[in-house]
file run.cif (mmCIF, C-alpha atoms and all ligand atoms)
data_entry
#
loop_
_atom_site.label_atom_id
_atom_site.label_comp_id
_atom_site.auth_asym_id
_atom_site.auth_seq_id
_atom_site.Cartn_x
_atom_site.Cartn_y
_atom_site.Cartn_z
CA MET M 761 -7.48 45.36 9.20
CA ASN M 762 -9.87 44.55 12.06
CA ALA M 763 -11.34 41.16 11.33
CA ARG M 764 -15.13 40.77 11.27
CA ARG M 765 -15.44 37.40 12.96
CA PRO M 766 -18.45 35.28 11.98
CA LEU M 767 -19.22 34.11 15.55
CA ASP M 768 -20.23 36.37 18.42
CA PRO M 769 -17.07 36.73 20.60
CA ALA M 770 -19.29 37.10 23.68
CA LEU M 771 -20.45 33.48 23.20
CA ILE M 772 -16.85 32.25 23.12
CA GLU M 773 -15.97 34.31 26.20
CA GLN M 774 -18.92 32.86 28.08
CA HIS M 775 -17.94 29.35 26.99
CA ASN M 776 -14.37 29.94 28.21
CA ARG M 777 -15.46 31.46 31.53
CA GLN M 778 -17.31 28.26 32.41
CA ARG M 779 -14.20 26.18 31.80
CA LEU M 780 -11.38 28.35 32.99
CA THR M 781 -11.06 27.19 36.60
CA ALA M 782 -10.80 23.53 35.61
CA LEU M 783 -8.43 24.33 32.75
CA GLN M 784 -6.14 26.41 34.98
CA ASP M 785 -6.01 23.54 37.47
CA GLU M 786 -5.10 21.01 34.76
CA TYR M 787 -2.57 23.37 33.21
CA ASP M 788 -0.86 24.04 36.56
CA SER M 789 -0.70 20.35 37.35
CA LEU M 790 0.81 19.56 33.95
CA GLY M 791 3.19 22.50 34.40
CA ARG M 792 4.47 21.01 37.65
CA ALA M 793 4.89 17.57 36.06
CA LEU M 794 6.77 19.01 33.08
CA GLY M 795 8.83 21.22 35.41
CA ARG M 796 10.12 18.06 37.08
CA ARG M 797 11.30 16.99 33.62
CA GLY M 798 13.05 20.34 33.13
CA ILE M 799 10.46 21.62 30.64
CA ALA M 800 8.92 25.10 30.88
CA ILE M 801 5.23 24.81 30.05
CA ASP M 802 4.80 28.47 29.10
CA ALA M 803 7.39 28.17 26.33
CA LEU M 804 5.40 25.25 24.90
CA ARG M 805 2.23 27.30 25.10
CA GLN M 806 3.87 30.00 22.99
CA LYS M 807 5.09 27.49 20.43
CA ALA M 808 1.65 25.90 20.23
CA ALA M 809 0.14 29.33 19.59
CA ALA M 810 2.64 30.02 16.78
CA LEU M 811 1.76 26.92 14.73
CA GLN M 812 -0.02 27.79 11.49
CA LEU M 813 -2.04 25.46 9.30
CA ALA M 814 -3.86 26.19 6.07
CA LEU M 815 -7.40 24.96 5.53
CA PRO M 816 -8.42 23.56 2.15
CA SER M 817 -11.29 25.61 0.69
CA TRP M 818 -12.84 22.33 -0.46
CA GLY M 819 -12.52 20.83 3.02
CA VAL M 820 -15.31 22.96 4.49
CA GLY M 821 -17.74 21.53 1.95
CA VAL M 822 -19.17 18.05 2.53
CA GLY M 823 -17.12 15.53 0.56
CA GLY M 824 -18.18 12.30 -1.05
CA THR M 825 -16.91 9.08 -2.48
CA ARG M 826 -17.13 7.97 -6.11
CA PHE M 827 -20.40 6.30 -5.07
CA ALA M 828 -22.27 9.21 -3.55
CA ARG M 829 -22.20 12.49 -1.77
CA PHE M 830 -24.68 13.21 0.97
CA PRO M 831 -25.19 16.97 1.23
CA MET M 832 -25.68 18.62 4.61
CA ALA M 833 -28.11 21.44 5.31
CA GLY M 834 -26.24 24.70 5.74
CA GLU M 835 -23.00 23.60 4.07
CA PRO M 836 -21.21 26.33 2.09
CA ALA M 837 -21.86 26.46 -1.65
CA GLY M 838 -19.36 28.88 -3.19
CA VAL M 839 -15.97 30.22 -2.26
CA GLN M 840 -17.42 33.19 -0.33
CA GLU M 841 -19.42 30.91 1.94
CA LYS M 842 -16.44 28.58 2.22
CA LEU M 843 -14.33 31.47 3.47
CA GLU M 844 -16.97 32.15 6.15
CA ASP M 845 -16.73 28.58 7.41
CA CYS M 846 -12.92 28.71 7.36
CA ALA M 847 -13.20 31.86 9.47
CA VAL M 848 -15.39 29.97 11.95
CA VAL M 849 -12.70 27.29 12.30
CA GLN M 850 -10.03 29.95 12.70
CA GLN M 851 -12.04 31.95 15.23
CA LEU M 852 -12.40 28.88 17.43
CA CYS M 853 -8.94 27.30 17.14
CA ARG M 854 -6.69 30.24 16.12
CA ILE M 855 -4.05 28.21 14.29
CA THR M 856 -5.70 28.04 10.86
CA PRO M 857 -5.45 31.53 9.35
CA GLY M 858 -4.57 30.29 5.82
CA VAL M 859 -6.94 29.08 3.13
CA SER M 860 -5.68 27.04 0.21
CA PRO M 861 -7.88 27.53 -2.86
CA HIS M 862 -8.44 24.95 -5.58
CA LEU M 863 -8.89 26.20 -9.12
CA PRO M 864 -11.22 26.06 -10.94
CA TRP M 865 -13.35 24.56 -8.14
CA ASP M 866 -13.28 27.97 -6.49
CA LYS M 867 -14.83 30.56 -8.76
CA VAL M 868 -12.53 33.37 -7.76
CA GLY M 869 -14.08 36.12 -9.93
CA ASP M 870 -12.28 39.29 -8.90
CA PRO M 871 -9.29 38.00 -6.88
CA LEU M 872 -8.67 41.34 -5.20
CA SER M 873 -12.15 41.53 -3.73
CA LEU M 874 -11.93 37.87 -2.62
CA ARG M 875 -8.61 38.65 -0.98
CA GLN M 876 -10.27 41.57 0.78
CA GLN M 877 -13.13 39.38 1.95
CA ALA M 878 -10.62 36.89 3.36
CA ALA M 879 -8.64 39.64 5.12
CA GLY M 880 -11.89 41.01 6.53
CA LEU M 881 -12.51 37.59 8.07
CA GLY M 882 -8.99 37.39 9.51
CA LEU M 883 -7.75 34.97 6.83
CA HIS M 884 -5.14 34.97 4.08
CA PHE M 885 -4.61 32.78 1.03
CA ASP M 886 -2.06 30.00 1.13
CA ALA M 887 -0.82 27.77 -1.74
CA VAL M 888 -3.06 27.63 -4.82
CA ASN M 889 -3.90 24.17 -6.15
CA SER M 890 -4.21 23.62 -9.87
CA ASN M 891 -6.57 21.01 -11.27
CA THR M 892 -5.79 19.07 -14.43
CA PHE M 893 -7.18 15.81 -13.11
CA GLN M 894 -10.69 16.67 -14.27
CA ASP M 895 -12.18 18.40 -17.27
CA ALA M 896 -13.62 21.81 -16.45
CA PRO M 897 -16.90 22.71 -18.18
CA GLY M 898 -16.24 24.23 -21.60
CA GLN M 899 -12.59 23.18 -21.64
CA ALA M 900 -11.23 22.75 -25.20
CA LEU M 901 -9.23 19.52 -24.79
CA SER M 902 -9.83 16.58 -22.46
CA TYR M 903 -7.53 15.26 -19.71
CA ARG M 904 -8.94 11.76 -20.11
CA HIS M 905 -5.48 10.48 -21.07
CA GLY M 906 -3.43 12.85 -18.97
CA SER M 907 -2.46 16.48 -18.68
CA LEU M 908 1.13 17.63 -18.09
CA ALA M 909 2.38 14.24 -19.32
CA HIS M 910 -0.14 13.82 -22.15
CA THR M 911 1.17 12.53 -25.47
CA ASP M 912 -0.45 15.45 -27.33
CA PRO M 913 1.53 18.71 -27.03
CA ALA M 914 -1.71 20.72 -27.35
CA VAL M 915 -3.15 19.09 -24.21
CA ARG M 916 0.11 19.63 -22.37
CA ARG M 917 0.06 23.30 -23.38
CA GLN M 918 -3.48 23.69 -22.10
CA ALA M 919 -2.49 22.14 -18.75
CA ILE M 920 0.63 24.31 -18.52
CA GLU M 921 -1.42 27.43 -19.24
CA HIS M 922 -3.92 26.48 -16.54
CA ASN M 923 -1.08 26.23 -14.02
CA ILE M 924 0.34 29.58 -15.13
CA GLU M 925 -3.13 31.10 -14.80
CA CYS M 926 -3.29 29.67 -11.25
CA ILE M 927 -0.03 31.44 -10.45
CA ARG M 928 -1.43 34.73 -11.76
CA ILE M 929 -4.63 34.38 -9.75
CA GLY M 930 -2.58 33.28 -6.75
CA GLN M 931 -0.44 36.40 -7.00
CA ALA M 932 -3.53 38.59 -6.87
CA LEU M 933 -4.80 36.57 -3.89
CA GLY M 934 -1.50 37.02 -2.05
CA SER M 935 -0.37 33.37 -2.25
CA LYS M 936 3.27 32.40 -2.44
CA ALA M 937 3.07 28.84 -3.78
CA ILE M 938 1.40 26.58 -6.27
CA THR M 939 0.78 22.94 -5.48
CA VAL M 940 0.80 20.70 -8.52
CA TRP M 941 -0.79 17.30 -8.25
CA ILE M 942 -1.60 15.50 -11.49
CA GLY M 943 -3.71 12.41 -12.03
CA ASP M 944 -1.55 11.35 -15.00
CA GLY M 945 -0.57 7.72 -15.22
CA SER M 946 -1.82 4.48 -16.72
CA ASN M 947 -4.28 1.70 -15.97
CA PHE M 948 -2.69 -1.04 -18.07
CA PRO M 949 0.83 -2.37 -18.53
CA GLY M 950 2.02 -1.16 -21.91
CA GLN M 951 -0.49 1.69 -22.02
CA GLN M 952 2.28 4.27 -21.88
CA SER M 953 6.03 4.47 -21.89
CA LEU M 954 6.93 4.99 -18.25
CA ALA M 955 10.13 6.80 -19.24
CA ALA M 956 8.60 9.03 -21.93
CA ALA M 957 5.66 10.02 -19.69
CA LEU M 958 8.09 11.28 -17.07
CA ASP M 959 10.07 13.18 -19.71
CA ARG M 960 6.91 14.91 -20.89
CA TYR M 961 5.98 15.78 -17.31
CA LEU M 962 9.42 17.23 -16.63
CA ASP M 963 9.27 19.34 -19.75
CA SER M 964 5.82 20.71 -18.87
CA ALA M 965 6.72 21.28 -15.23
CA ALA M 966 9.80 23.27 -16.33
CA GLN M 967 7.55 25.62 -18.28
CA ILE M 968 5.38 26.21 -15.21
CA TYR M 969 8.49 26.67 -13.10
CA ALA M 970 9.73 29.31 -15.54
CA ALA M 971 6.57 31.34 -14.83
CA LEU M 972 7.07 31.33 -11.04
CA PRO M 973 7.59 34.72 -9.40
CA GLY M 974 10.97 34.90 -7.64
CA ASP M 975 9.51 34.55 -4.15
CA TRP M 976 7.21 31.63 -4.99
CA ARG M 977 7.50 27.90 -4.49
CA MET M 978 6.27 25.12 -6.70
CA LEU M 979 5.19 22.20 -4.53
CA LEU M 980 5.17 18.82 -6.26
CA GLU M 981 2.67 16.42 -4.70
CA HIS M 982 3.28 12.74 -5.37
CA LYS M 983 0.69 10.00 -5.13
CA LEU M 984 1.04 6.28 -5.50
CA TYR M 985 -2.19 5.51 -7.32
CA GLU M 986 -5.66 6.83 -8.16
CA PRO M 987 -7.10 7.83 -10.54
CA ALA M 988 -4.50 5.80 -12.46
CA PHE M 989 -4.22 2.30 -11.02
CA TYR M 990 -1.25 0.70 -12.76
CA SER M 991 1.27 3.54 -12.77
CA THR M 992 1.32 7.17 -11.75
CA VAL M 993 3.78 9.62 -13.28
CA ILE M 994 4.81 11.27 -9.99
CA SER M 995 4.17 8.21 -7.88
CA ASP M 996 6.50 8.53 -4.93
CA TRP M 997 8.94 10.77 -3.08
CA GLY M 998 11.79 9.49 -5.27
CA SER M 999 10.15 10.72 -8.47
CA SER M 1000 9.14 13.90 -6.68
CA ILE M 1001 12.60 14.80 -5.39
CA LEU M 1002 14.25 13.98 -8.72
CA ALA M 1003 11.79 16.27 -10.48
CA ALA M 1004 12.22 19.00 -7.85
CA GLN M 1005 16.00 18.77 -8.16
CA GLN M 1006 15.85 19.02 -11.92
CA LEU M 1007 13.43 21.97 -11.83
CA GLY M 1008 15.46 24.12 -9.45
CA PRO M 1009 15.59 25.65 -5.96
CA GLN M 1010 12.02 26.95 -5.93
CA ALA M 1011 10.62 23.46 -6.48
CA ARG M 1012 9.98 21.37 -3.37
CA CYS M 1013 8.20 18.16 -2.52
CA LEU M 1014 4.84 18.03 -0.81
CA VAL M 1015 3.97 15.03 1.33
CA ASP M 1016 0.30 14.10 1.54
CA LEU M 1017 0.08 11.56 4.33
CA GLY M 1018 -2.42 9.42 2.38
CA HIS M 1019 -0.36 9.13 -0.79
CA HIS M 1020 1.92 6.22 0.12
CA ALA M 1021 1.76 2.46 0.07
CA PRO M 1022 0.39 1.02 3.31
CA SER M 1023 3.03 0.83 6.06
CA VAL M 1024 5.54 3.05 4.26
CA ASN M 1025 7.75 4.88 6.76
CA ILE M 1026 6.58 8.42 6.06
CA GLU M 1027 8.61 9.98 8.86
CA GLN M 1028 11.76 8.70 7.20
CA ILE M 1029 10.68 10.30 3.93
CA VAL M 1030 10.30 13.58 5.82
CA ALA M 1031 13.84 13.29 7.19
CA ARG M 1032 15.26 12.48 3.73
CA LEU M 1033 13.48 15.35 1.99
CA HIS M 1034 14.68 17.83 4.59
CA ARG M 1035 18.23 16.49 4.37
CA PHE M 1036 18.31 17.45 0.70
CA GLY M 1037 16.55 20.81 1.14
CA LYS M 1038 13.42 19.67 -0.63
CA LEU M 1039 10.81 19.41 2.10
CA GLY M 1040 8.12 21.76 0.79
CA GLY M 1041 5.07 20.95 2.84
CA PHE M 1042 2.33 18.63 3.96
CA HIS M 1043 -1.21 17.70 3.30
CA PHE M 1044 -2.36 16.34 6.64
CA ASN M 1045 -5.03 13.68 6.83
CA ASP M 1046 -5.26 10.10 8.03
CA SER M 1047 -5.98 6.77 6.40
CA LYS M 1048 -6.41 3.11 7.05
CA TYR M 1049 -6.40 1.68 3.55
CA GLY M 1050 -5.22 4.23 1.01
CA ASP M 1051 -5.90 7.86 0.23
CA ASP M 1052 -8.87 7.79 2.60
CA ASP M 1053 -8.71 11.50 3.47
CA LEU M 1054 -9.90 10.78 7.00
CA ASP M 1055 -9.43 13.24 9.84
CA SER M 1056 -5.85 13.83 10.99
CA GLY M 1057 -4.90 11.66 13.92
CA SER M 1058 -8.13 9.65 13.82
CA ILE M 1059 -6.51 6.37 12.74
CA ASN M 1060 -2.81 6.59 13.42
CA PRO M 1061 -1.98 9.43 15.83
CA HIS M 1062 1.37 7.81 16.58
CA GLN M 1063 2.49 8.21 12.98
CA LEU M 1064 1.52 11.87 13.12
CA PHE M 1065 3.66 12.25 16.23
CA LEU M 1066 6.60 10.51 14.54
CA VAL M 1067 6.30 12.84 11.54
CA PHE M 1068 6.43 15.84 13.87
CA ASN M 1069 9.29 14.27 15.77
CA GLU M 1070 11.30 14.39 12.51
CA LEU M 1071 10.10 17.93 11.81
CA VAL M 1072 11.17 19.21 15.21
CA GLU M 1073 14.55 17.52 14.82
CA ALA M 1074 14.93 18.94 11.31
CA GLU M 1075 14.18 22.45 12.52
CA GLN M 1076 16.72 22.17 15.32
CA ARG M 1077 19.35 20.79 12.96
CA SER M 1078 19.03 23.51 10.33
CA PRO M 1079 16.55 26.24 11.21
CA ALA M 1080 17.64 28.46 8.31
CA ASP M 1081 16.17 26.26 5.58
CA PHE M 1082 13.19 24.94 7.53
CA ASP M 1083 9.81 26.38 6.53
CA PRO M 1084 7.48 23.65 5.25
CA ALA M 1085 3.91 24.67 4.46
CA TYR M 1086 1.31 22.86 6.56
CA MET M 1087 -2.12 22.24 5.14
CA ILE M 1088 -5.01 19.93 5.96
CA ASP M 1089 -6.32 17.92 2.99
CA GLN M 1090 -9.33 15.90 4.05
CA SER M 1091 -12.71 14.86 2.73
CA HIS M 1092 -15.45 15.11 5.34
CA ASN M 1093 -18.19 12.86 4.09
CA ILE M 1094 -20.24 12.11 7.17
CA THR M 1095 -19.31 14.76 9.72
CA ASP M 1096 -19.83 18.48 9.88
CA PRO M 1097 -16.60 19.67 8.16
CA VAL M 1098 -16.09 22.48 10.67
CA GLU M 1099 -16.03 19.93 13.49
CA SER M 1100 -13.68 17.62 11.59
CA LEU M 1101 -11.31 20.49 10.87
CA LEU M 1102 -11.35 21.58 14.52
CA SER M 1103 -10.64 18.03 15.62
CA SER M 1104 -7.85 17.71 13.04
CA ALA M 1105 -6.21 21.01 13.94
CA GLU M 1106 -6.16 19.86 17.57
CA ALA M 1107 -4.63 16.49 16.59
CA ILE M 1108 -1.92 18.14 14.48
CA ALA M 1109 -1.08 20.72 17.15
CA GLY M 1110 -1.05 17.95 19.77
CA ALA M 1111 1.39 15.87 17.73
CA TYR M 1112 3.60 18.94 17.32
CA VAL M 1113 3.66 19.80 21.03
CA ARG M 1114 4.31 16.17 22.00
CA ALA M 1115 7.26 16.18 19.59
CA LEU M 1116 8.55 19.33 21.28
CA LEU M 1117 8.55 17.39 24.57
CA VAL M 1118 11.12 14.88 23.34
CA ASP M 1119 14.33 15.25 25.32
CA ARG M 1120 16.61 15.56 22.28
CA GLU M 1121 19.89 15.56 24.19
CA ALA M 1122 18.97 12.39 26.05
CA LEU M 1123 17.73 10.81 22.83
CA ALA M 1124 21.00 11.60 21.03
CA GLU M 1125 22.97 10.15 23.94
CA TYR M 1126 20.93 6.92 23.93
CA GLN M 1127 21.31 6.69 20.17
CA ARG M 1128 25.08 7.16 20.40
CA GLY M 1129 25.30 4.45 23.07
CA ASN M 1130 22.93 2.13 21.18
CA ASP M 1131 20.61 2.04 24.16
CA VAL M 1132 17.65 0.97 22.07
CA MET M 1133 15.08 0.68 24.84
CA MET M 1134 15.84 4.03 26.44
CA ALA M 1135 15.87 5.78 23.06
CA PHE M 1136 12.40 4.35 22.42
CA GLN M 1137 11.25 5.24 25.95
CA THR M 1138 12.34 8.84 25.37
CA LEU M 1139 9.86 9.08 22.51
CA ARG M 1140 7.27 7.11 24.48
CA LEU M 1141 7.37 9.51 27.40
CA ALA M 1142 6.70 12.46 25.11
CA TYR M 1143 3.98 10.66 23.19
CA ASN M 1144 2.20 9.56 26.37
CA THR M 1145 1.98 13.09 27.77
CA ASP M 1146 -1.47 14.63 27.54
CA VAL M 1147 -0.83 18.12 26.14
CA ALA M 1148 -4.50 19.13 25.83
CA PRO M 1149 -4.28 21.81 28.58
CA ILE M 1150 -1.41 23.51 26.71
CA LEU M 1151 -3.38 23.62 23.47
CA ALA M 1152 -6.50 24.90 25.23
CA MET M 1153 -4.58 27.66 27.02
CA ALA M 1154 -2.86 28.73 23.80
CA ARG M 1155 -6.23 28.92 22.04
CA ARG M 1156 -7.81 30.87 24.83
CA ASP M 1157 -4.89 33.36 24.95
CA ALA M 1158 -5.49 34.06 21.27
CA GLY M 1159 -9.24 34.54 21.69
CA GLY M 1160 -10.26 31.03 20.64
CA ALA M 1161 -12.35 28.49 22.49
CA VAL M 1162 -11.19 26.21 25.29
CA ALA M 1163 -13.28 23.35 23.84
CA PRO M 1164 -13.75 24.32 20.18
CA ILE M 1165 -16.25 21.68 19.07
CA ALA M 1166 -18.47 22.24 22.11
CA ALA M 1167 -18.27 26.00 21.57
CA TYR M 1168 -19.12 25.58 17.89
CA ARG M 1169 -22.24 23.62 18.79
CA GLU M 1170 -23.24 26.24 21.35
CA THR M 1171 -23.16 28.95 18.67
CA GLY M 1172 -25.73 27.12 16.53
CA TRP M 1173 -23.79 28.15 13.40
CA ARG M 1174 -24.85 25.25 11.18
CA ALA M 1175 -28.55 25.46 12.05
CA ARG M 1176 -28.49 29.18 11.30
CA LYS M 1177 -26.74 28.59 7.98
CA ALA M 1178 -29.26 25.85 7.14
CA ARG M 1179 -31.91 28.56 7.23
CA GLU M 1180 -29.85 31.10 5.26
CA ARG M 1181 -27.94 29.09 2.63
CA ARG M 1182 -29.37 27.46 -0.45
CA PRO M 1183 -29.13 23.63 -0.60
CA THR M 1184 -26.23 22.04 -2.51
CA ALA M 1185 -26.52 19.23 -5.06
CA ALA M 1186 -25.94 15.53 -4.23
CA GLY M 1187 -23.80 14.17 -7.11
CA ALA M 1188 -20.73 12.01 -6.55
CA GLY M 1189 -16.99 12.49 -6.71
CA ILE M 1190 -13.92 12.18 -4.63
CA VAL M 1191 -14.09 15.63 -3.01
C1 LIG M 1201 -5.21 14.19 -4.52
O1 LIG M 1201 -5.70 13.03 -3.97
C2 LIG M 1201 -5.17 15.33 -3.52
O2 LIG M 1201 -4.51 14.93 -2.37
C3 LIG M 1201 -4.54 16.55 -4.10
O3 LIG M 1201 -3.95 17.34 -3.11
C4 LIG M 1201 -5.71 17.24 -4.66
O4 LIG M 1201 -5.51 18.53 -5.07
C5 LIG M 1201 -6.67 17.06 -3.52
O5 LIG M 1201 -6.46 15.72 -3.14
C6 LIG M 1201 -8.07 17.34 -3.87
O6 LIG M 1201 -8.95 16.66 -3.07
MN MN M 1202 -3.33 16.28 -1.16
#

call {"tool": "encode", "arguments": {"input": "run.cif", "output": "structure tokens"}}
result
Amino acid sequence: MNARRPLDPALIEQHNRQRLTALQDEYDSLGRALGRRGIAIDALRQKAAALQLALPSWGVGVGGTRFARFPMAGEPAGVQEKLEDCAVVQQLCRITPGVSPHLPWDKVGDPLSLRQQAAGLGLHFDAVNSNTFQDAPGQALSYRHGSLAHTDPAVRRQAIEHNIECIRIGQALGSKAITVWIGDGSNFPGQQSLAAALDRYLDSAAQIYAALPGDWRMLLEHKLYEPAFYSTVISDWGSSILAAQQLGPQARCLVDLGHHAPSVNIEQIVARLHRFGKLGGFHFNDSKYGDDDLDSGSINPHQLFLVFNELVEAEQRSPADFDPAYMIDQSHNITDPVESLLSSAEAIAGAYVRALLVDREALAEYQRGNDVMMAFQTLRLAYNTDVAPILAMARRDAGGAVAPIAAYRETGWRARKARERRPTAAGAGIV
């Protein structure tokens, strides 16, 4: 289907024309420098173009904290408008064709017509996210004291059915995975049996797993704390992998970069999960203190690079079982979400391409010989290389913008939408 792009392609072409001479010069210069290191720049350009990230439907709306949300004129209100903004991001950066819906935040209505709308915009649906960490309006039983791990079998059944319903809607949308993150846990020592809560979770999760179509994945997302502050049922990658192993081959672990204790070595977790065939995917974001949901690469770009360094190594080691799902999971509270997503996509792609630059043979040799400094310098050299011209060329080849945020501003998209879209409510809440 020919996609009906939301932005005028002539504007993007004009934007690119003004920048092409400088970009070509920078690209050629980088190409010569990489050539001296035995690296073919055009191969990197192709790999950069092939990267695919999913956008969170909720990420194009303006987020908030538990204190407040400050709405922005022209922000999208419902899922149809959210798809439009996702299509804007995709049109400019060309590596975000997937949209991950969150149910029931997204009022899907007729899934087939929503799927058609997405396809018409050049998008497809990625993993569906269930939500049993809040009560939906009109819901029979409350999740105040948990959902899949609740002590009451009736609440557990309701949560299981919601997840199964998400799978059904996801099938109609063309998704191939469900991501399950629960808020279940406790705020006080003694509040719940840590062992029994996990048993209840495992039993509920097995019932969801049993409803999975054969070609689907169930992605288990762990999180250390919040909304529960003393214990969380699926708190860490250990609980996650044990649950995924017990559930079966279609269950995998999803790593949200903000869901770990400060200073945890996330790249090592990535390597471990892959080693045991359980690396399911990522929620990319960045953080300084906790689950801050800040823009990818804005706080710790080096960690992002180290995560991709493990991913590139994992793919080379065993390409057959390497296909993690990449998604951005951020809350844009004070920026235009489209700009934050463009900036994040660039940071993620940049970390990936830098990781591709690592001379793996040299690194293995230094590691074998215990040459600590040269092993480190091998990573350093890759990390210190500015790969921006490669990303810009890859985007331009695909019809995207050389400088996506500048191009976005030139189109005047948000000001136009501020005139067309109805205002959203203030409220508060994490997303
Ligand atoms: C929880 O903090 C989380 O990371 C899960 O992925 C949720 O579905 C998402 O955030 C919603 O914002
Ligand atoms: Mn997440």

call {"tool": "residues_around", "arguments": {"input": "run.cif", "residues": "segment 1017-1020 of chain M", "least_positions_apart": "2", "cutoff": "7 Å", "atoms": "all atoms listed in the file", "output": "JSON list (two decimals) with C-alpha atoms, in the coordinates of the input"}}
result
[["chain", "number", "residue", "atom", "x", "y", "z"],
["M", 982, "HIS", "CA", 3.28, 12.74, -5.37],
["M", 983, "LYS", "CA", 0.69, 10.00, -5.13],
["M", 984, "LEU", "CA", 1.04, 6.28, -5.50],
["M", 1015, "VAL", "CA", 3.97, 15.03, 1.33],
["M", 1022, "PRO", "CA", 0.39, 1.02, 3.31],
["M", 1024, "VAL", "CA", 5.54, 3.05, 4.26],
["M", 1043, "HIS", "CA", -1.21, 17.70, 3.30],
["M", 1044, "PHE", "CA", -2.36, 16.34, 6.64],
["M", 1045, "ASN", "CA", -5.03, 13.68, 6.83],
["M", 1046, "ASP", "CA", -5.26, 10.10, 8.03],
["M", 1047, "SER", "CA", -5.98, 6.77, 6.40],
["M", 1050, "GLY", "CA", -5.22, 4.23, 1.01],
["M", 1051, "ASP", "CA", -5.90, 7.86, 0.23],
["M", 1052, "ASP", "CA", -8.87, 7.79, 2.60],
["M", 1053, "ASP", "CA", -8.71, 11.50, 3.47]]

call {"tool": "closest_residue", "arguments": {"input": "run.cif", "among": "M:Ala965, M:Leu780, M:Ile927, M:Leu767", "to": "Leu881 of chain M", "atoms": "only C-alpha atoms"}}
result
M:Leu767

call {"tool": "atom_distance", "arguments": {"input": "run.cif", "atom1": "atom CA of Gly934 of chain M", "atom2": "atom CA of Phe885 of chain M"}}
result
6.1 Å

call {"tool": "residues_near_ligand", "arguments": {"input": "run.cif", "ligand": "ligand MN 1202 (chain M)", "cutoff": "7 Å", "atoms": "only C-alpha atoms and all ligand atoms", "output": "list in words"}}
result
Glu981, Asp1016, His1043 and Asp1089 of chain M

call {"tool": "write_last_selection", "arguments": {"input": "run.cif", "atoms": "C-alpha atoms", "output": "CSV table (one decimal), in the coordinates of the input"}}
result
chain,number,residue,atom,x,y,z
M,981,GLU,CA,2.7,16.4,-4.7
M,1016,ASP,CA,0.3,14.1,1.5
M,1043,HIS,CA,-1.2,17.7,3.3
M,1089,ASP,CA,-6.3,17.9,3.0

call {"tool": "closest_residue", "arguments": {"input": "run.cif", "among": "M:Ala1166, M:Ala793, M:Val820, M:Val1147", "to": "ligand LIG 1201 (chain M)", "atoms": "all atoms listed in the file"}}
result
M:Val820

call {"tool": "residues_around", "arguments": {"input": "run.cif", "residues": "Ser890 of chain M", "least_positions_apart": "3", "cutoff": "7 Å", "atoms": "all atoms listed in the file", "output": "compact mmCIF listing (two decimals) with C-alpha atoms, in the frame of the given file"}}
result
# COMPACT_ATOMS: atom_id res chain seq x y z
CA HIS M 862 -8.44 24.95 -5.58
CA LEU M 863 -8.89 26.20 -9.12
CA ASN M 923 -1.08 26.23 -14.02
CA CYS M 926 -3.29 29.67 -11.25
CA THR M 939 0.78 22.94 -5.48
CA VAL M 940 0.80 20.70 -8.52

call {"tool": "closest_residue", "arguments": {"input": "run.cif", "among": "M:Gly798, M:Pro1084, M:Gly1057, M:Gly1110", "to": "Phe1042 of chain M", "atoms": "all atoms listed in the file"}}
result
M:Pro1084

call {"tool": "closest_residue", "arguments": {"input": "run.cif", "among": "M:Gln1090, M:Gln784, M:Ser1078, M:Ser964", "to": "ligand LIG 1201 (chain M)", "atoms": "only C-alpha atoms and all ligand atoms"}}
result
M:Gln1090

call {"tool": "residues_around", "arguments": {"input": "run.cif", "residues": "Gly974 of chain M", "least_positions_apart": "5", "cutoff": "12 Å", "atoms": "all atoms listed in the file", "output": "PDB file with C-alpha atoms, in the coordinates of the input"}}
result
ATOM      1  CA  ILE M 927      -0.030  31.440 -10.450  1.00  0.00           C
ATOM      2  CA  GLN M 931      -0.440  36.400  -7.000  1.00  0.00           C
ATOM      3  CA  LYS M 936       3.270  32.400  -2.440  1.00  0.00           C
ATOM      4  CA  ALA M 937       3.070  28.840  -3.780  1.00  0.00           C
ATOM      5  CA  TYR M 969       8.490  26.670 -13.100  1.00  0.00           C
ATOM      6  CA  GLY M1008      15.460  24.120  -9.450  1.00  0.00           C
ATOM      7  CA  PRO M1009      15.590  25.650  -5.960  1.00  0.00           C
ATOM      8  CA  GLN M1010      12.020  26.950  -5.930  1.00  0.00           C
ATOM      9  CA  ALA M1011      10.620  23.460  -6.480  1.00  0.00           C
TER      10      ALA M1011
END

call {"tool": "closest_residue", "arguments": {"input": "run.cif", "among": "M:Glu773, M:Glu835, M:Asp944, M:Asp963", "to": "ligand LIG 1201 (chain M)", "atoms": "only C-alpha atoms and all ligand atoms"}}
result
M:Asp944

call {"tool": "residues_around", "arguments": {"input": "run.cif", "residues": "Ala1167 of chain M", "least_positions_apart": "6", "cutoff": "10 Å", "atoms": "all atoms listed in the file", "output": "PDB file with C-alpha atoms, in the frame of the given file"}}
result
ATOM      1  CA  LEU M 771     -20.450  33.480  23.200  1.00  0.00           C
ATOM      2  CA  ILE M 772     -16.850  32.250  23.120  1.00  0.00           C
ATOM      3  CA  GLU M 773     -15.970  34.310  26.200  1.00  0.00           C
ATOM      4  CA  GLN M 774     -18.920  32.860  28.080  1.00  0.00           C
ATOM      5  CA  HIS M 775     -17.940  29.350  26.990  1.00  0.00           C
ATOM      6  CA  ASN M 776     -14.370  29.940  28.210  1.00  0.00           C
ATOM      7  CA  LEU M 852     -12.400  28.880  17.430  1.00  0.00           C
ATOM      8  CA  GLY M1160     -10.260  31.030  20.640  1.00  0.00           C
ATOM      9  CA  ALA M1161     -12.350  28.490  22.490  1.00  0.00           C
TER      10      ALA M1161
END
